[in-house]
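Below is protein.txt, holding compact mmCIF, C-alpha atoms.
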# COMPACT_ATOMS: atom_id res chain seq x y z
CA MET A 24 7.25 64.19 -52.89
CA ALA A 25 4.03 65.16 -54.69
CA LYS A 26 4.04 61.82 -56.51
CA HIS A 27 4.69 59.99 -53.23
CA ASP A 28 1.82 61.93 -51.66
CA ALA A 29 -0.58 61.10 -54.48
CA ASN A 30 0.30 57.41 -54.16
CA LEU A 31 -0.36 57.49 -50.41
CA SER A 32 -3.72 59.19 -51.01
CA LEU A 33 -4.70 56.49 -53.53
CA LEU A 34 -3.69 53.77 -51.04
CA PHE A 35 -5.58 55.25 -48.11
CA HIS A 36 -8.62 55.91 -50.31
CA ALA A 37 -8.58 52.28 -51.52
CA LEU A 38 -8.41 51.04 -47.90
CA ALA A 39 -11.26 53.31 -46.74
CA ASP A 40 -13.96 50.86 -47.83
CA PRO A 41 -14.89 47.66 -45.90
CA THR A 42 -15.67 45.70 -49.09
CA ARG A 43 -12.28 46.56 -50.57
CA ARG A 44 -10.55 45.59 -47.32
CA SER A 45 -12.40 42.27 -47.27
CA ILE A 46 -11.34 41.61 -50.89
CA LEU A 47 -7.71 42.20 -49.87
CA THR A 48 -8.09 39.87 -46.87
CA ARG A 49 -9.54 37.18 -49.18
CA LEU A 50 -6.73 37.64 -51.72
CA ALA A 51 -4.07 37.41 -48.98
CA GLU A 52 -5.11 33.73 -48.74
CA GLY A 53 -4.55 33.21 -52.46
CA SER A 54 -5.46 34.50 -55.93
CA ALA A 55 -9.13 34.37 -56.92
CA ARG A 56 -11.35 34.77 -59.97
CA VAL A 57 -13.68 37.76 -59.98
CA THR A 58 -16.72 35.45 -59.65
CA GLU A 59 -15.14 33.83 -56.57
CA LEU A 60 -14.97 37.29 -55.00
CA SER A 61 -18.53 38.31 -55.88
CA GLU A 62 -20.42 35.08 -55.06
CA PRO A 63 -19.68 34.67 -51.32
CA SER A 64 -20.07 38.42 -50.68
CA GLY A 65 -23.44 38.55 -52.46
CA LEU A 66 -22.24 41.64 -54.34
CA ARG A 67 -23.18 42.23 -57.96
CA LEU A 68 -20.37 41.73 -60.47
CA PRO A 69 -20.26 45.41 -61.59
CA THR A 70 -19.90 46.48 -57.93
CA VAL A 71 -17.01 44.07 -57.40
CA MET A 72 -15.40 45.22 -60.67
CA ARG A 73 -15.59 48.84 -59.52
CA HIS A 74 -13.91 48.00 -56.20
CA LEU A 75 -11.25 45.95 -57.99
CA SER A 76 -10.49 48.87 -60.27
CA VAL A 77 -9.88 51.16 -57.24
CA LEU A 78 -7.59 48.50 -55.68
CA GLU A 79 -5.73 48.05 -58.98
CA GLU A 80 -5.28 51.80 -59.47
CA ALA A 81 -3.69 52.00 -56.00
CA GLY A 82 -1.34 49.15 -56.97
CA LEU A 83 -2.73 46.88 -54.23
CA ILE A 84 -3.77 44.13 -56.65
CA VAL A 85 -2.99 42.98 -60.18
CA THR A 86 -5.50 41.31 -62.46
CA SER A 87 -4.94 39.13 -65.51
CA LYS A 88 -7.38 37.85 -68.09
CA ASP A 89 -7.41 34.38 -69.63
CA GLY A 90 -10.24 34.22 -72.15
CA ARG A 91 -13.35 35.35 -70.27
CA VAL A 92 -11.88 34.66 -66.83
CA ARG A 93 -10.25 37.50 -64.89
CA THR A 94 -8.04 36.50 -61.96
CA CYS A 95 -6.92 38.84 -59.14
CA ALA A 96 -3.82 38.66 -56.95
CA ILE A 97 -2.62 40.96 -54.16
CA VAL A 98 0.66 42.89 -54.27
CA PRO A 99 1.65 42.68 -50.57
CA GLU A 100 4.60 45.11 -50.88
CA ALA A 101 2.18 47.82 -52.07
CA LEU A 102 1.23 48.44 -48.42
CA ALA A 103 4.83 49.44 -47.57
CA PRO A 104 4.30 53.24 -48.02
CA VAL A 105 1.37 53.10 -45.56
CA ARG A 106 3.58 51.37 -43.00
CA THR A 107 6.40 53.89 -43.63
CA TRP A 108 4.03 56.81 -43.14
CA LEU A 109 2.79 55.34 -39.83
CA ASP A 110 6.38 54.81 -38.66
CA GLU A 111 7.26 58.42 -39.57
CA GLN A 112 4.30 59.71 -37.56
CA ARG A 113 5.29 57.58 -34.57
CA GLY A 114 8.89 58.84 -34.91
CA LEU A 115 7.73 62.49 -34.80
CA TRP A 116 5.54 61.81 -31.81
CA GLU A 117 8.25 59.97 -29.87
CA ALA A 118 10.78 62.74 -30.64
CA ARG A 119 8.30 65.23 -29.20
CA LEU A 120 7.87 63.12 -26.04
CA ASP A 121 11.68 62.95 -25.70
CA ARG A 122 11.92 66.75 -25.95
CA LEU A 123 9.19 67.18 -23.35
CA GLU A 124 10.92 64.72 -21.02
CA ALA A 125 14.29 66.47 -21.41
CA PHE A 126 12.62 69.82 -20.73
CA ALA A 127 10.90 68.45 -17.59
CA MET A 128 14.16 66.94 -16.29
CA LYS A 129 16.04 70.20 -16.88
CA ALA A 130 13.33 72.18 -15.08
CA LYS A 131 13.44 69.73 -12.15
CA LYS A 132 17.24 69.94 -11.95
CA GLU A 133 17.17 73.75 -11.94
CA ASP A 134 14.47 73.64 -9.30
CA THR A 135 16.53 71.48 -6.92
CA GLN A 136 19.72 73.54 -7.36
CA MET B 17 -16.98 43.96 -35.98
CA ALA B 18 -19.22 46.32 -37.97
CA LYS B 19 -18.36 49.14 -35.57
CA HIS B 20 -14.65 48.29 -35.81
CA ASP B 21 -14.97 48.28 -39.61
CA ALA B 22 -16.72 51.65 -39.66
CA ASN B 23 -14.00 53.13 -37.46
CA LEU B 24 -11.28 51.79 -39.78
CA SER B 25 -13.09 53.25 -42.78
CA LEU B 26 -13.28 56.67 -41.10
CA LEU B 27 -9.56 56.49 -40.25
CA PHE B 28 -8.46 55.51 -43.76
CA HIS B 29 -10.77 58.13 -45.28
CA ALA B 30 -9.30 60.81 -43.01
CA LEU B 31 -5.76 59.80 -44.04
CA ALA B 32 -6.57 59.77 -47.77
CA ASP B 33 -5.99 63.50 -48.15
CA PRO B 34 -2.51 65.14 -48.31
CA THR B 35 -3.67 68.29 -46.48
CA ARG B 36 -5.10 66.23 -43.62
CA ARG B 37 -1.88 64.17 -43.43
CA SER B 38 0.20 67.36 -43.31
CA ILE B 39 -2.01 68.72 -40.50
CA LEU B 40 -1.37 65.50 -38.51
CA THR B 41 2.38 65.78 -39.17
CA ARG B 42 2.33 69.40 -37.94
CA LEU B 43 0.33 68.43 -34.82
CA ALA B 44 2.73 65.57 -34.04
CA GLU B 45 5.24 68.34 -33.23
CA GLY B 46 2.82 69.99 -30.81
CA SER B 47 -0.68 71.41 -30.44
CA ALA B 48 -1.61 74.37 -32.63
CA ARG B 49 -4.30 76.99 -33.02
CA VAL B 50 -6.46 76.73 -36.15
CA THR B 51 -4.91 79.95 -37.52
CA GLU B 52 -1.42 78.46 -37.06
CA LEU B 53 -2.51 75.57 -39.26
CA SER B 54 -4.10 77.71 -41.98
CA GLU B 55 -1.50 80.51 -42.31
CA PRO B 56 1.62 78.53 -43.37
CA SER B 57 -0.39 76.28 -45.68
CA GLY B 58 -2.04 79.21 -47.42
CA LEU B 59 -5.40 77.46 -47.03
CA ARG B 60 -8.56 79.39 -46.27
CA LEU B 61 -9.93 78.99 -42.75
CA PRO B 62 -13.18 77.23 -43.82
CA THR B 63 -11.11 74.68 -45.79
CA VAL B 64 -8.91 73.98 -42.77
CA MET B 65 -12.00 73.73 -40.54
CA ARG B 66 -13.54 71.16 -42.90
CA HIS B 67 -10.38 69.03 -42.82
CA LEU B 68 -10.18 69.32 -39.02
CA SER B 69 -13.75 68.13 -38.70
CA VAL B 70 -12.95 64.97 -40.75
CA LEU B 71 -9.87 64.34 -38.56
CA GLU B 72 -11.89 64.90 -35.39
CA GLU B 73 -14.70 62.59 -36.55
CA ALA B 74 -12.11 59.84 -37.10
CA GLY B 75 -10.80 60.43 -33.56
CA LEU B 76 -7.34 61.44 -34.87
CA ILE B 77 -7.43 64.88 -33.24
CA VAL B 78 -9.25 66.67 -30.45
CA THR B 79 -10.05 70.37 -30.46
CA SER B 80 -10.85 72.71 -27.60
CA LYS B 81 -12.13 76.27 -27.63
CA ASP B 82 -11.00 79.05 -25.32
CA GLY B 83 -12.99 82.18 -26.15
CA ARG B 84 -12.53 82.71 -29.89
CA VAL B 85 -9.40 80.56 -30.11
CA ARG B 86 -9.71 76.91 -31.12
CA THR B 87 -6.69 74.68 -30.40
CA CYS B 88 -6.03 71.25 -31.97
CA ALA B 89 -4.04 68.31 -30.62
CA ILE B 90 -3.39 64.87 -32.08
CA VAL B 91 -4.50 61.62 -30.47
CA PRO B 92 -1.53 59.39 -31.37
CA GLU B 93 -3.12 56.14 -30.17
CA ALA B 94 -5.98 56.67 -32.65
CA LEU B 95 -3.71 55.24 -35.37
CA ALA B 96 -3.46 51.89 -33.54
CA PRO B 97 -6.34 50.17 -35.46
CA VAL B 98 -4.62 51.04 -38.76
CA ARG B 99 -1.40 49.45 -37.54
CA THR B 100 -3.31 46.39 -36.28
CA TRP B 101 -5.05 45.97 -39.63
CA LEU B 102 -1.69 46.16 -41.47
CA ASP B 103 -0.20 43.58 -39.09
CA GLU B 104 -3.16 41.24 -39.65
CA GLN B 105 -2.73 41.51 -43.42
CA ARG B 106 0.98 40.76 -43.12
CA GLY B 107 0.17 37.78 -40.86
CA LEU B 108 -2.23 36.32 -43.44
CA TRP B 109 0.28 36.80 -46.22
CA GLU B 110 3.15 35.24 -44.25
CA ALA B 111 0.95 32.28 -43.28
CA ARG B 112 0.20 31.76 -46.96
CA LEU B 113 3.92 31.87 -47.83
CA ASP B 114 4.60 29.31 -45.08
CA ARG B 115 1.93 26.99 -46.51
CA LEU B 116 3.39 27.35 -50.02
CA GLU B 117 6.88 26.63 -48.70
CA ALA B 118 5.69 23.54 -46.80
CA PHE B 119 3.89 22.33 -49.91
CA ALA B 120 7.00 22.86 -52.07
CA MET B 121 9.22 21.02 -49.56
CA LYS B 122 6.78 18.10 -49.35
CA ALA B 123 6.62 17.87 -53.16
CA LYS B 124 10.43 17.95 -53.37
CA LYS B 125 10.75 15.22 -50.72
CA GLU B 126 8.25 12.99 -52.53
CA ASP B 127 10.10 13.67 -55.77
CA THR B 128 13.45 12.48 -54.37
CA GLN B 129 11.99 9.36 -52.71

Let me see the file written as structure tokens.
Amino acid sequence: MAKHDANLSLLFHALADPTRRSILTRLAEGSARVTELSEPSGLRLPTVMRHLSVLEEAGLIVTSKDGRVRTCAIVPEALAPVRTWLDEQRGLWEARLDRLEAFAMKAKKEDTQ
Amino acid sequence: MAKHDANLSLLFHALADPTRRSILTRLAEGSARVTELSEPSGLRLPTVMRHLSVLEEAGLIVTSKDGRVRTCAIVPEALAPVRTWLDEQRGLWEARLDRLEAFAMKAKKEDTQ
């Protein structure tokens, strides 16, 4: 549970930055070299590298090096825990609404008897 | 777009902490006073207040004060942009897979002709 929690925190932290989200959106269209990610965004290479390292630590991307060229690819299934967490929250909320509805119907029934 | 991006960043940042996620999970079961949130968790009141302020800034909870008692409630629909972002990412990824599949089928067809 603690490990699961730490992973979720890393994922949410990685997603909390617009540059990192735009890198993920770019990589969803296909793998890219680090220079291909820095040039269109106008970001300096060290800045891009720092964002990539946060994304890699969260497991959202993998990078590989061939000589001096580093290529990045997304790991789409890495977003699954985020989706699961959202579904769990929705489940809790809907269960609460169901309880409230049942309570209201019971109160109404008792009122009409 | 910039405003939408800033809102998403606030949401992801708010969710990047296990204590804040556990507060949301607790509030999904029903509204609670600040002391009800701090006592079971063993957290000091100022710590809880700081987390609540991050959640409130992201629009994930609302708080109201009656005398000296502050009550917190979740805003379930506030998670919608997170879900939308995840769906968009999945859409991009699936579109890419479709393109790859079409490309592979075309190559196979040309190969057998």

Between A:Pro69, A:Pro104, A:Pro63, A:Pro99, which has the minimum distance to Ser32 in chain A (counting all atoms listed in the file)?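 Among A:Pro69, A:Pro104, A:Pro63, A:Pro99, it is A:Pro104 that comes nearest to Ser32 in chain A.
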
Kindly determine which residues of chain B lie within 12 Å of chain A, considering only C-alpha atoms, and give the answer as a ChimeraX atom specification. /B:17-47,74,89-116

Spatial neighbours of Arg56 in chain A, 8 Å, all atoms listed in the file, chain gap at least 3 places, as a PyMOL selection string: chain A and resi 59-60+92-95

Please give chain A as a PDB file with C-alpha atoms, keeping the file's coordinate frame, after it has been superposed on chain B by least squares over all Cα atoms paired in order.
ATOM      1  CA  MET A  24     -16.953  43.922 -35.988  1.00  0.00           C
ATOM      2  CA  ALA A  25     -19.181  46.286 -37.986  1.00  0.00           C
ATOM      3  CA  LYS A  26     -18.351  49.108 -35.575  1.00  0.00           C
ATOM      4  CA  HIS A  27     -14.640  48.272 -35.813  1.00  0.00           C
ATOM      5  CA  ASP A  28     -14.951  48.284 -39.603  1.00  0.00           C
ATOM      6  CA  ALA A  29     -16.701  51.650 -39.674  1.00  0.00           C
ATOM      7  CA  ASN A  30     -13.970  53.130 -37.471  1.00  0.00           C
ATOM      8  CA  LEU A  31     -11.259  51.799 -39.792  1.00  0.00           C
ATOM      9  CA  SER A  32     -13.078  53.270 -42.804  1.00  0.00           C
ATOM     10  CA  LEU A  33     -13.267  56.682 -41.094  1.00  0.00           C
ATOM     11  CA  LEU A  34      -9.537  56.503 -40.276  1.00  0.00           C
ATOM     12  CA  PHE A  35      -8.453  55.521 -43.771  1.00  0.00           C
ATOM     13  CA  HIS A  36     -10.764  58.135 -45.301  1.00  0.00           C
ATOM     14  CA  ALA A  37      -9.283  60.832 -43.025  1.00  0.00           C
ATOM     15  CA  LEU A  38      -5.741  59.804 -44.056  1.00  0.00           C
ATOM     16  CA  ALA A  39      -6.575  59.793 -47.787  1.00  0.00           C
ATOM     17  CA  ASP A  40      -5.985  63.533 -48.164  1.00  0.00           C
ATOM     18  CA  PRO A  41      -2.504  65.174 -48.311  1.00  0.00           C
ATOM     19  CA  THR A  42      -3.667  68.319 -46.472  1.00  0.00           C
ATOM     20  CA  ARG A  43      -5.089  66.251 -43.621  1.00  0.00           C
ATOM     21  CA  ARG A  44      -1.884  64.204 -43.431  1.00  0.00           C
ATOM     22  CA  SER A  45       0.196  67.382 -43.315  1.00  0.00           C
ATOM     23  CA  ILE A  46      -2.006  68.736 -40.490  1.00  0.00           C
ATOM     24  CA  LEU A  47      -1.357  65.527 -38.529  1.00  0.00           C
ATOM     25  CA  THR A  48       2.396  65.796 -39.175  1.00  0.00           C
ATOM     26  CA  ARG A  49       2.322  69.415 -37.922  1.00  0.00           C
ATOM     27  CA  LEU A  50       0.325  68.453 -34.816  1.00  0.00           C
ATOM     28  CA  ALA A  51       2.730  65.585 -34.026  1.00  0.00           C
ATOM     29  CA  GLU A  52       5.251  68.359 -33.229  1.00  0.00           C
ATOM     30  CA  GLY A  53       2.844  70.004 -30.795  1.00  0.00           C
ATOM     31  CA  SER A  54      -0.674  71.421 -30.413  1.00  0.00           C
ATOM     32  CA  ALA A  55      -1.606  74.368 -32.630  1.00  0.00           C
ATOM     33  CA  ARG A  56      -4.323  76.987 -33.021  1.00  0.00           C
ATOM     34  CA  VAL A  57      -6.469  76.739 -36.135  1.00  0.00           C
ATOM     35  CA  THR A  58      -4.931  79.969 -37.508  1.00  0.00           C
ATOM     36  CA  GLU A  59      -1.438  78.487 -37.050  1.00  0.00           C
ATOM     37  CA  LEU A  60      -2.522  75.589 -39.262  1.00  0.00           C
ATOM     38  CA  SER A  61      -4.118  77.726 -41.977  1.00  0.00           C
ATOM     39  CA  GLU A  62      -1.522  80.524 -42.300  1.00  0.00           C
ATOM     40  CA  PRO A  63       1.608  78.570 -43.342  1.00  0.00           C
ATOM     41  CA  SER A  64      -0.405  76.293 -45.663  1.00  0.00           C
ATOM     42  CA  GLY A  65      -2.078  79.249 -47.398  1.00  0.00           C
ATOM     43  CA  LEU A  66      -5.429  77.473 -47.021  1.00  0.00           C
ATOM     44  CA  ARG A  67      -8.602  79.397 -46.269  1.00  0.00           C
ATOM     45  CA  LEU A  68      -9.946  78.995 -42.736  1.00  0.00           C
ATOM     46  CA  PRO A  69     -13.196  77.236 -43.811  1.00  0.00           C
ATOM     47  CA  THR A  70     -11.127  74.684 -45.779  1.00  0.00           C
ATOM     48  CA  VAL A  71      -8.930  73.979 -42.760  1.00  0.00           C
ATOM     49  CA  MET A  72     -12.018  73.729 -40.522  1.00  0.00           C
ATOM     50  CA  ARG A  73     -13.548  71.165 -42.877  1.00  0.00           C
ATOM     51  CA  HIS A  74     -10.380  69.041 -42.817  1.00  0.00           C
ATOM     52  CA  LEU A  75     -10.177  69.334 -39.028  1.00  0.00           C
ATOM     53  CA  SER A  76     -13.749  68.133 -38.713  1.00  0.00           C
ATOM     54  CA  VAL A  77     -12.935  64.976 -40.754  1.00  0.00           C
ATOM     55  CA  LEU A  78      -9.846  64.343 -38.561  1.00  0.00           C
ATOM     56  CA  GLU A  79     -11.886  64.899 -35.386  1.00  0.00           C
ATOM     57  CA  GLU A  80     -14.684  62.586 -36.539  1.00  0.00           C
ATOM     58  CA  ALA A  81     -12.094  59.831 -37.096  1.00  0.00           C
ATOM     59  CA  GLY A  82     -10.773  60.431 -33.563  1.00  0.00           C
ATOM     60  CA  LEU A  83      -7.330  61.448 -34.869  1.00  0.00           C
ATOM     61  CA  ILE A  84      -7.416  64.884 -33.229  1.00  0.00           C
ATOM     62  CA  VAL A  85      -9.250  66.674 -30.431  1.00  0.00           C
ATOM     63  CA  THR A  86     -10.050  70.368 -30.456  1.00  0.00           C
ATOM     64  CA  SER A  87     -10.864  72.698 -27.579  1.00  0.00           C
ATOM     65  CA  LYS A  88     -12.140  76.250 -27.587  1.00  0.00           C
ATOM     66  CA  ASP A  89     -11.017  79.048 -25.280  1.00  0.00           C
ATOM     67  CA  GLY A  90     -13.014  82.161 -26.123  1.00  0.00           C
ATOM     68  CA  ARG A  91     -12.579  82.672 -29.869  1.00  0.00           C
ATOM     69  CA  VAL A  92      -9.436  80.542 -30.093  1.00  0.00           C
ATOM     70  CA  ARG A  93      -9.725  76.884 -31.103  1.00  0.00           C
ATOM     71  CA  THR A  94      -6.705  74.685 -30.386  1.00  0.00           C
ATOM     72  CA  CYS A  95      -6.043  71.258 -31.969  1.00  0.00           C
ATOM     73  CA  ALA A  96      -4.050  68.323 -30.609  1.00  0.00           C
ATOM     74  CA  ILE A  97      -3.379  64.881 -32.099  1.00  0.00           C
ATOM     75  CA  VAL A  98      -4.485  61.619 -30.477  1.00  0.00           C
ATOM     76  CA  PRO A  99      -1.497  59.399 -31.405  1.00  0.00           C
ATOM     77  CA  GLU A 100      -3.106  56.147 -30.164  1.00  0.00           C
ATOM     78  CA  ALA A 101      -5.960  56.665 -32.654  1.00  0.00           C
ATOM     79  CA  LEU A 102      -3.701  55.249 -35.392  1.00  0.00           C
ATOM     80  CA  ALA A 103      -3.451  51.893 -33.561  1.00  0.00           C
ATOM     81  CA  PRO A 104      -6.325  50.177 -35.490  1.00  0.00           C
ATOM     82  CA  VAL A 105      -4.607  51.063 -38.794  1.00  0.00           C
ATOM     83  CA  ARG A 106      -1.385  49.470 -37.565  1.00  0.00           C
ATOM     84  CA  THR A 107      -3.303  46.396 -36.311  1.00  0.00           C
ATOM     85  CA  TRP A 108      -5.031  45.987 -39.661  1.00  0.00           C
ATOM     86  CA  LEU A 109      -1.675  46.167 -41.495  1.00  0.00           C
ATOM     87  CA  ASP A 110      -0.181  43.584 -39.120  1.00  0.00           C
ATOM     88  CA  GLU A 111      -3.170  41.265 -39.686  1.00  0.00           C
ATOM     89  CA  GLN A 112      -2.731  41.522 -43.455  1.00  0.00           C
ATOM     90  CA  ARG A 113       0.985  40.774 -43.162  1.00  0.00           C
ATOM     91  CA  GLY A 114       0.172  37.807 -40.882  1.00  0.00           C
ATOM     92  CA  LEU A 115      -2.231  36.340 -43.481  1.00  0.00           C
ATOM     93  CA  TRP A 116       0.295  36.819 -46.236  1.00  0.00           C
ATOM     94  CA  GLU A 117       3.162  35.246 -44.286  1.00  0.00           C
ATOM     95  CA  ALA A 118       0.953  32.278 -43.297  1.00  0.00           C
ATOM     96  CA  ARG A 119       0.211  31.763 -46.986  1.00  0.00           C
ATOM     97  CA  LEU A 120       3.936  31.861 -47.846  1.00  0.00           C
ATOM     98  CA  ASP A 121       4.588  29.298 -45.077  1.00  0.00           C
ATOM     99  CA  ARG A 122       1.921  26.984 -46.524  1.00  0.00           C
ATOM    100  CA  LEU A 123       3.385  27.334 -50.007  1.00  0.00           C
ATOM    101  CA  GLU A 124       6.878  26.599 -48.693  1.00  0.00           C
ATOM    102  CA  ALA A 125       5.688  23.513 -46.787  1.00  0.00           C
ATOM    103  CA  PHE A 126       3.872  22.299 -49.902  1.00  0.00           C
ATOM    104  CA  ALA A 127       6.998  22.813 -52.059  1.00  0.00           C
ATOM    105  CA  MET A 128       9.210  20.974 -49.544  1.00  0.00           C
ATOM    106  CA  LYS A 129       6.766  18.058 -49.352  1.00  0.00           C
ATOM    107  CA  ALA A 130       6.612  17.835 -53.151  1.00  0.00           C
ATOM    108  CA  LYS A 131      10.428  17.885 -53.341  1.00  0.00           C
ATOM    109  CA  LYS A 132      10.724  15.167 -50.687  1.00  0.00           C
ATOM    110  CA  GLU A 133       8.223  12.932 -52.495  1.00  0.00           C
ATOM    111  CA  ASP A 134      10.073  13.566 -55.727  1.00  0.00           C
ATOM    112  CA  THR A 135      13.432  12.411 -54.327  1.00  0.00           C
ATOM    113  CA  GLN A 136      11.987   9.282 -52.675  1.00  0.00           C
TER     114      GLN A 136
END

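Residues surrounding Leu68 in chain A within 8 Å are Val57, Thr58, Ser61, Val71 and Met72 of chain A [only C-alpha atoms; sequence separation below 3 positions excluded].
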
Can you measure CA of Gly90 in chain A to CA of Ser64 in chain A for me? One decimal in Å is fine.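 Spanning CA of Gly90 in chain A to CA of Ser64 in chain A is a straight-line distance of 24.0 Å.
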